[in-house]
Structure formats: structure tokens, C-alpha cells
Amino acid sequence: MNKKEYLAKRKALLEAAEKALNEGKLEEFKAKEKEINDLDGQFEDFAKAQANMNALKDKAPAAVVIDMAAGDNGVVASTKPIEVKDEKQIYLNAWAKEMMGQPLAEQEKVVFDKFNADIRNAMQTTATHAVIIPESVREGIWREAGELFPIIGDVRMTFVPGDLTIIKETNAGGDAEWYDEETEVADSEFGFGELNLTGCELAKSIPISWKLRKMSIDAFIPYIQTLLAEKLGAALAKGIVSGLGKPGAGDTFKAQPKGIVTALVAESGTPQIIEYDDTDVLTYDKLAKAMGLIKSAYKSGAVIYAKSTTIWNKLALIKDNQGRPLFVPDVTSGGVGRIFGLPVKEEDSVPDDAILFGNVTRGYVINVNEDMTIYTEDHVKKRYTDYMVYAIVDGDVMTTKAFAYIRKKVQV
């Protein structure tokens with residue numbers, strides 16, 4: 001029955017039940033009441049069945065692997081559904097085989113096509129095509145990038161698709177004060193600004209010979225993961241430290257995250273920067289002044305970043321005013337030592353002879369607008385394949401008060 005028929009029949013039963021009740025025919029009323037309840041139950045079951053049918057129509061067909069062994073009538077004899085719990089592992093193997101130029105099994109091809117369905121309509125050639133990197137490999141690339149470049153591991157990274165706007169405080173206003181009953185409470189103005197993380201294209205191409213591609217799948221996955229982590233991480237870490245941001249009129253550089261040093265240099269009077277030269281060497285006093293530039297709220301969780309040569313040729317040799325070494329070797333803190341209780345970490349993205357103090361976890365933010373995909377392009381005559389990893393990433397400084405920077409003065 002449809003809805004119109006149901007409502008008409010229900011209305012007739014209600015009228016009959018009301019008439020029986022008004023005439024004092026209690027048994028007849030109870031019978032009509034039961035008919036109404038039964039009718040409601042029948043229509044409810046029908047409505048649920050209709051909703052389920054609509055859901056089935058909207059649902060995409062299940063991924064299955066067809067067994068082409070035909071029966072007597074020449075039709076498919078059986079199908080073998082793919083277990084959902086196995087799909088990620090199946091795709092990992094299928095992706096590796098695709099990257100290595102190996103043929104996929106029927107089950108692997110079904111899962112591979114399913115995972116890459118969203119990018120199948122992109123403009124692709126027979127030699128160049130984009131492929132989604134498996135989740136476990138993506139996570140491994142980001143993790144290894146953080147191990148190779150500590151500042152990436154320390155930064156707050158989000159994965160929000162598309163543009164992201166973050167509200168940041170620019171003026172905290174005055175503190176609370178004590179009042180009596182007759183005194184009016186003063187207003188306190190709070191200032192807020194915005195960080196608009198739109199997206200900068202980050203890409204790196206790596207050529208791999210066909211001979212090298214013949215390694216086993218178990219060897220290929222960690223090999224390509226480490227290689228991509230190293231190349232991608234180097235560019236991202238440099239962006240966090242000294243990225244130039246978005247180009248303005250007349251600029252020739254490409255859009256990139258705004259680096260911490262870039263933001264500190266752009267401040268009027270560069271209050272968070274300390275300089276030294278050959279006649280005014282790096283001393284205990286300058287490190288102490290740098291510590292003083294970091295707002296107290298950001299000291300907990302702050303780290304000292306510098307190149308390995310700067311750490312061991314400069315920082316490790318500094319002594320306090322009593323002649324005691326300031327640098328204390330300590331690998332348990334996640335770095336190579338400590339100064340003023342802060343971990344010291346080797347970070348190749350920091351310029352030579354410079355030292356970055358800061359809490360990047362709270363003072364800097366990165367958003368991955370579009371997570372990593374990989375493009376491949378075969379070069380038949382030269383027998384190698386280009387692997388290009390591509391992501392859209394943006395980053396910016398939340399507050400310069402979470403950082404201090406010591407650099408060598410440029411000699412004019």
C-alpha cells in the first residue's frame with residue numbers, strides 16, 4: 001500500500017472507532033483500535049523496507065573478484081568478495097607492484113582501482129599517471145621526515161583538506177584587577193588576527209633505474225619511503241625555518257610556507273634576533289639573552305635547533321662565567337644535549353653559524369591541504385622511471401614571541 005491508501009484507510013477506521021465509542025459499543029471500539037494499530041505496524045514495516053531499497057540503490061556495488069570459470073550455461077559460476085579488513089594490505093602490495101612495473105593479480109587490480117577512483121578522471125597519459133600513496137607509507141614518510149629533520153617532528157601538523165583559517169591572538173589585553181563594590185570594572189581590549197593557510201605545491205622527482213626496480217616488494221617499500229622522506233622532509237624543514245611565504249607583486253619566488261626566521265626578520269627592529277660577528281664571538285651572555293627573549297609561557301617545550309657543525313664547533317665549546325661547559329651531552333631528551341635545560345637538536349635546515357630557539361609546537365602551525373600522491377613517468381629508451389611525490393602544504397608563525405634567533409652578522 002502507498003501512503004495515500006494508508007491515510008485513507010486509517011481515517012475510515014478512526015471514524016468507525018469513534019462512532020462505536022460514542023454509541024457505547026466497547027467491544028466494537030476495541031476491535032477497531034486493534035485494526036488501527038495493526039495498520040500502523042504494517043505501514044511502518046513498508047516504509048522501512050522502502051528506505052532500505054532506496055539505500056541499496058544509492059550504494060555502490062561491492063568490490064568483488066570474478067571467478068571466470070563458467071557454468072553449463074556459460075555464465076559466471078561464482079564470485080569471491082574481498083574482505084574489507086584486508087583491503088589496505090592488498091592495496092599496499094598492489095601499489096608496490098604498480099610502482100615496480102609488475103602485473104597485478106585480479107583481486108589486487110580491483111582494490112587498486114577502487115582506491116584510485118577519485119583521481120581516475122584526471123588528465124593522464126599512458127606514460128604519466130597519479131597514484132594514491134598507501135596510508136601506511138604516507139605515515140611512514142611523515143614519521144621518517146620528522147626523524148631526519150627534528151623541527152618537522154616537533155611542529156603541530158594538521159590534515160584539513162582545502163584552505164584553513166586559524167584565529168590567533170594579537171593582543172592579550174590587560175590582566176584582571178581587584179575592585180570594590182563602588183568601582184566600575186574597566187574594559188580590556190583583546191586583539192585577534194587570522195592565519196590563512198591556503199596551500200603551496202610541494203613536489204620532488206626521483207629517478208629510479210629499471211634494474212633497481214627489480215628488488216623485492218619487502219625491500220622496495222622501505223627504500224622508496226625513506227628516499228621520499230629525505231627529499232620531501234628537506235624542502236619542508238627549510239620552509240618551516242626560512243620559507244618566504246606568498247609572493248607579492250614583483251616577486252619571482254614560488255608560494256611556500258612562511259618560515260620562522262622570515263617572520264622574525266620582518267618585525268620592526270627585529271626584537272627577537274641577536275647578532276654576533278668575528279670580533280664579538282658567540283658567548284654565554286648572548287645565549288642567555290636569547291632565552292630571555294622567549295615569552296615564559298612558551299619556554300616549556302622549547303628546543304634549540306642548529307646545524308651539527310654549529311653545535312659541536314660553537315655551542316659545545318661555550319663556557320659559563322665560571323668556566324664550566326654550558327652544553328651538557330644528553331641523548332635521552334630527543335636531541336644531542338641540553339643548554340639551559342632545553343634539548344639541543346641537530347637541524348640541517350638552520351643556516352650556518354645560526355641558532356634557533358623556539359617552541360614550534362605552539363608557535364608554528366602546518367596544514368597539509370592535500371596529502372601525498374605519487375606520479376610516475378617511464379623513460380623507455382633510458383630504462384628508468386621518474387617517481388614524483390606531490391602534496392599541497394602551508395605553514396605560518398602563530399606568534400614570534402615563541403622564538404629567538406642568533407645569527408652571525410653579515411659583513412658588508
# chains A, B, ... in the order shown; residues from 1 in each chain; ligands from 1
>>> residues_around(residues="Ala31 in chain A", least_positions_apart="4", cutoff="10 Å", atoms="only C-alpha atoms", output="list in words")
Ala17, Ala20, Leu26, Glu27, Glu35 and Ile36 of chain A
>>> write_last_selection(atoms="N, CA and C atoms", output="tab-separated table (two decimals), in the first residue's frame")
chain	number	residue	atom	x	y	z
A	17	ALA	N	-14.16	3.77	14.78
A	17	ALA	CA	-13.86	3.57	16.20
A	17	ALA	C	-14.52	4.64	17.04
A	20	ALA	N	-18.28	3.91	17.28
A	20	ALA	CA	-18.56	2.80	18.21
A	20	ALA	C	-18.43	3.25	19.65
A	26	LEU	N	-18.33	-0.95	23.26
A	26	LEU	CA	-16.94	-1.05	23.70
A	26	LEU	C	-16.17	-2.14	22.97
A	27	GLU	N	-16.77	-3.30	22.77
A	27	GLU	CA	-16.09	-4.40	22.10
A	27	GLU	C	-15.77	-4.03	20.65
A	35	GLU	N	-7.33	-2.89	14.81
A	35	GLU	CA	-7.13	-2.76	13.36
A	35	GLU	C	-6.22	-1.56	13.04
A	36	ILE	N	-6.45	-0.46	13.77
A	36	ILE	CA	-5.63	0.75	13.54
A	36	ILE	C	-4.17	0.47	13.89
>>> select_by_dssp(residues="range 201-366 of chain A", states="strand (DSSP E or B)", output="JSON, numbers by chain")
{"A": [201, 202, 203, 204, 205, 206, 207, 208, 209, 244, 258, 273, 274, 275, 276, 277, 280, 303, 304, 305, 306, 319, 325, 328, 329, 337, 338, 339, 342, 343, 344, 345, 346, 355, 356, 357, 358, 364, 365, 366]}
>>> residues_around(residues="Pro329 in chain A", least_positions_apart="4", cutoff="10 Å", atoms="only C-alpha atoms", output="PyMOL selection string")
chain A and resi 316+333+335-339+343-344
>>> write_last_selection(atoms="C-alpha atoms", output="mmCIF file, in the first residue's frame")
data_model
loop_
_atom_site.group_PDB
_atom_site.id
_atom_site.type_symbol
_atom_site.label_atom_id
_atom_site.label_comp_id
_atom_site.auth_asym_id
_atom_site.auth_seq_id
_atom_site.Cartn_x
_atom_site.Cartn_y
_atom_site.Cartn_z
ATOM 1 C CA ALA A 316 79.642 22.690 22.759
ATOM 2 C CA SER A 333 65.917 14.222 25.593
ATOM 3 C CA GLY A 335 68.465 15.663 20.873
ATOM 4 C CA VAL A 336 72.214 15.515 21.357
ATOM 5 C CA GLY A 337 72.424 17.563 24.539
ATOM 6 C CA ARG A 338 70.978 20.343 26.679
ATOM 7 C CA ILE A 339 71.622 24.038 27.254
ATOM 8 C CA PRO A 343 67.092 19.997 24.301
ATOM 9 C CA VAL A 344 69.626 20.773 21.568
#
>>> atom_distance(atom1="CA of Lys32 in chain A", atom2="CA of Glu15 in chain A")
9.5 Å
>>> residues_around(residues="Leu287 in chain A", least_positions_apart="3", cutoff="10 Å", atoms="only C-alpha atoms", output="MDAnalysis selection string")
chainID A and resid 274 282:284 290:292 315 318 326 339:340 355 357 404:406
>>> atom_distance(atom1="CA of Ile366 in chain A", atom2="CA of Val137 in chain A")
19.9 Å
>>> residues_around(residues="range 385-395 of chain A", least_positions_apart="5", cutoff="8 Å", atoms="only C-alpha atoms", output="PyMOL selection string")
chain A and resi 197-210+228+240+256-259+364-379
>>> write_last_selection(atoms="N, CA and C atoms", output="mmCIF file, in the first residue's frame")
data_model
loop_
_atom_site.group_PDB
_atom_site.id
_atom_site.type_symbol
_atom_site.label_atom_id
_atom_site.label_comp_id
_atom_site.auth_asym_id
_atom_site.auth_seq_id
_atom_site.Cartn_x
_atom_site.Cartn_y
_atom_site.Cartn_z
ATOM 1 N N LEU A 197 45.927 29.563 5.836
ATOM 2 C CA LEU A 197 46.781 28.550 5.224
ATOM 3 C C LEU A 197 46.078 28.050 3.965
ATOM 4 N N THR A 198 46.532 28.523 2.838
ATOM 5 C CA THR A 198 45.857 28.209 1.576
ATOM 6 C C THR A 198 46.441 26.979 0.904
ATOM 7 N N GLY A 199 47.717 26.978 0.656
ATOM 8 C CA GLY A 199 48.302 25.793 0.039
ATOM 9 C C GLY A 199 49.443 26.128 -0.886
ATOM 10 N N CYS A 200 50.549 25.457 -0.715
ATOM 11 C CA CYS A 200 51.723 25.621 -1.564
ATOM 12 C C CYS A 200 52.096 24.240 -2.097
ATOM 13 N N GLU A 201 52.386 24.181 -3.382
ATOM 14 C CA GLU A 201 52.675 22.896 -4.011
ATOM 15 C C GLU A 201 54.094 22.441 -3.672
ATOM 16 N N LEU A 202 54.181 21.268 -3.075
ATOM 17 C CA LEU A 202 55.463 20.682 -2.708
ATOM 18 C C LEU A 202 55.655 19.414 -3.525
ATOM 19 N N ALA A 203 56.715 19.368 -4.303
ATOM 20 C CA ALA A 203 56.923 18.213 -5.192
ATOM 21 C C ALA A 203 58.407 17.892 -5.286
ATOM 22 N N LYS A 204 58.699 16.620 -5.502
ATOM 23 C CA LYS A 204 60.072 16.173 -5.705
ATOM 24 C C LYS A 204 60.058 14.952 -6.619
ATOM 25 N N SER A 205 60.914 14.980 -7.632
ATOM 26 C CA SER A 205 61.008 13.865 -8.568
ATOM 27 C C SER A 205 62.296 13.087 -8.318
ATOM 28 N N ILE A 206 62.158 11.754 -8.298
ATOM 29 C CA ILE A 206 63.306 10.878 -8.041
ATOM 30 C C ILE A 206 63.398 9.844 -9.163
ATOM 31 N N PRO A 207 64.489 9.808 -9.910
ATOM 32 C CA PRO A 207 64.643 8.786 -10.958
ATOM 33 C C PRO A 207 65.167 7.473 -10.373
ATOM 34 N N ILE A 208 64.553 6.359 -10.760
ATOM 35 C CA ILE A 208 64.986 5.038 -10.303
ATOM 36 C C ILE A 208 65.127 4.138 -11.523
ATOM 37 N N SER A 209 66.268 3.501 -11.654
ATOM 38 C CA SER A 209 66.532 2.648 -12.816
ATOM 39 C C SER A 209 65.651 1.407 -12.785
ATOM 40 N N TRP A 210 65.395 0.864 -13.975
ATOM 41 C CA TRP A 210 64.575 -0.339 -14.060
ATOM 42 C C TRP A 210 65.271 -1.531 -13.401
ATOM 43 N N LEU A 228 61.773 9.203 -0.260
ATOM 44 C CA LEU A 228 60.813 10.296 -0.333
ATOM 45 C C LEU A 228 60.817 11.127 0.947
ATOM 46 N N ILE A 240 59.788 25.630 6.946
ATOM 47 C CA ILE A 240 59.452 25.984 8.326
ATOM 48 C C ILE A 240 60.434 27.009 8.882
ATOM 49 N N GLN A 256 55.267 29.397 -0.847
ATOM 50 C CA GLN A 256 55.833 28.436 0.104
ATOM 51 C C GLN A 256 55.418 28.849 1.507
ATOM 52 N N PRO A 257 55.527 27.944 2.493
ATOM 53 C CA PRO A 257 55.204 28.337 3.867
ATOM 54 C C PRO A 257 56.063 29.520 4.313
ATOM 55 N N LYS A 258 55.527 30.324 5.225
ATOM 56 C CA LYS A 258 56.324 31.420 5.785
ATOM 57 C C LYS A 258 57.171 30.871 6.922
ATOM 58 N N GLY A 259 58.480 31.042 6.811
ATOM 59 C CA GLY A 259 59.396 30.499 7.805
ATOM 60 C C GLY A 259 59.488 31.337 9.063
ATOM 61 N N TYR A 364 54.157 27.566 15.863
ATOM 62 C CA TYR A 364 54.108 27.412 14.414
ATOM 63 C C TYR A 364 53.086 26.340 14.076
ATOM 64 N N VAL A 365 52.418 26.497 12.940
ATOM 65 C CA VAL A 365 51.405 25.519 12.540
ATOM 66 C C VAL A 365 51.549 25.207 11.056
ATOM 67 N N ILE A 366 51.323 23.945 10.716
ATOM 68 C CA ILE A 366 51.353 23.495 9.319
ATOM 69 C C ILE A 366 50.063 22.741 9.031
ATOM 70 N N ASN A 367 49.495 23.001 7.864
ATOM 71 C CA ASN A 367 48.341 22.221 7.424
ATOM 72 C C ASN A 367 48.657 21.567 6.085
ATOM 73 N N VAL A 368 48.377 20.280 6.003
ATOM 74 C CA VAL A 368 48.516 19.544 4.750
ATOM 75 C C VAL A 368 47.161 19.598 4.056
ATOM 76 N N ASN A 369 47.021 20.522 3.103
ATOM 77 C CA ASN A 369 45.742 20.712 2.410
ATOM 78 C C ASN A 369 45.385 19.502 1.550
ATOM 79 N N GLU A 370 46.402 18.888 0.954
ATOM 80 C CA GLU A 370 46.190 17.688 0.138
ATOM 81 C C GLU A 370 47.350 16.748 0.400
ATOM 82 N N ASP A 371 47.025 15.566 0.908
ATOM 83 C CA ASP A 371 48.081 14.630 1.280
ATOM 84 C C ASP A 371 48.768 14.055 0.035
ATOM 85 N N MET A 372 49.837 13.335 0.273
ATOM 86 C CA MET A 372 50.738 12.923 -0.800
ATOM 87 C C MET A 372 50.121 11.960 -1.810
ATOM 88 N N THR A 373 50.374 12.257 -3.079
ATOM 89 C CA THR A 373 50.157 11.304 -4.161
ATOM 90 C C THR A 373 51.490 11.163 -4.886
ATOM 91 N N ILE A 374 51.580 10.133 -5.708
ATOM 92 C CA ILE A 374 52.839 9.911 -6.427
ATOM 93 C C ILE A 374 52.546 9.752 -7.910
ATOM 94 N N TYR A 375 53.346 10.412 -8.715
ATOM 95 C CA TYR A 375 53.229 10.322 -10.173
ATOM 96 C C TYR A 375 54.421 9.540 -10.709
ATOM 97 N N THR A 376 54.201 8.740 -11.720
ATOM 98 C CA THR A 376 55.301 8.009 -12.344
ATOM 99 C C THR A 376 55.349 8.335 -13.832
ATOM 100 N N GLU A 377 56.559 8.376 -14.361
ATOM 101 C CA GLU A 377 56.750 8.609 -15.787
ATOM 102 C C GLU A 377 57.883 7.716 -16.272
ATOM 103 N N ASP A 378 57.576 6.849 -17.218
ATOM 104 C CA ASP A 378 58.568 5.913 -17.738
ATOM 105 C C ASP A 378 59.386 6.537 -18.868
ATOM 106 N N HIS A 379 60.685 6.245 -18.854
ATOM 107 C CA HIS A 379 61.588 6.650 -19.936
ATOM 108 C C HIS A 379 62.162 5.361 -20.535
#
>>> atom_distance(atom1="CA of Ala229 in chain A", atom2="CA of Gly301 in chain A")
24.8 Å
>>> closest_residue(among="A:Leu356, A:Met215, A:Ile273, A:Val410", to="Lys307 in chain A", atoms="only C-alpha atoms")
A:Leu356
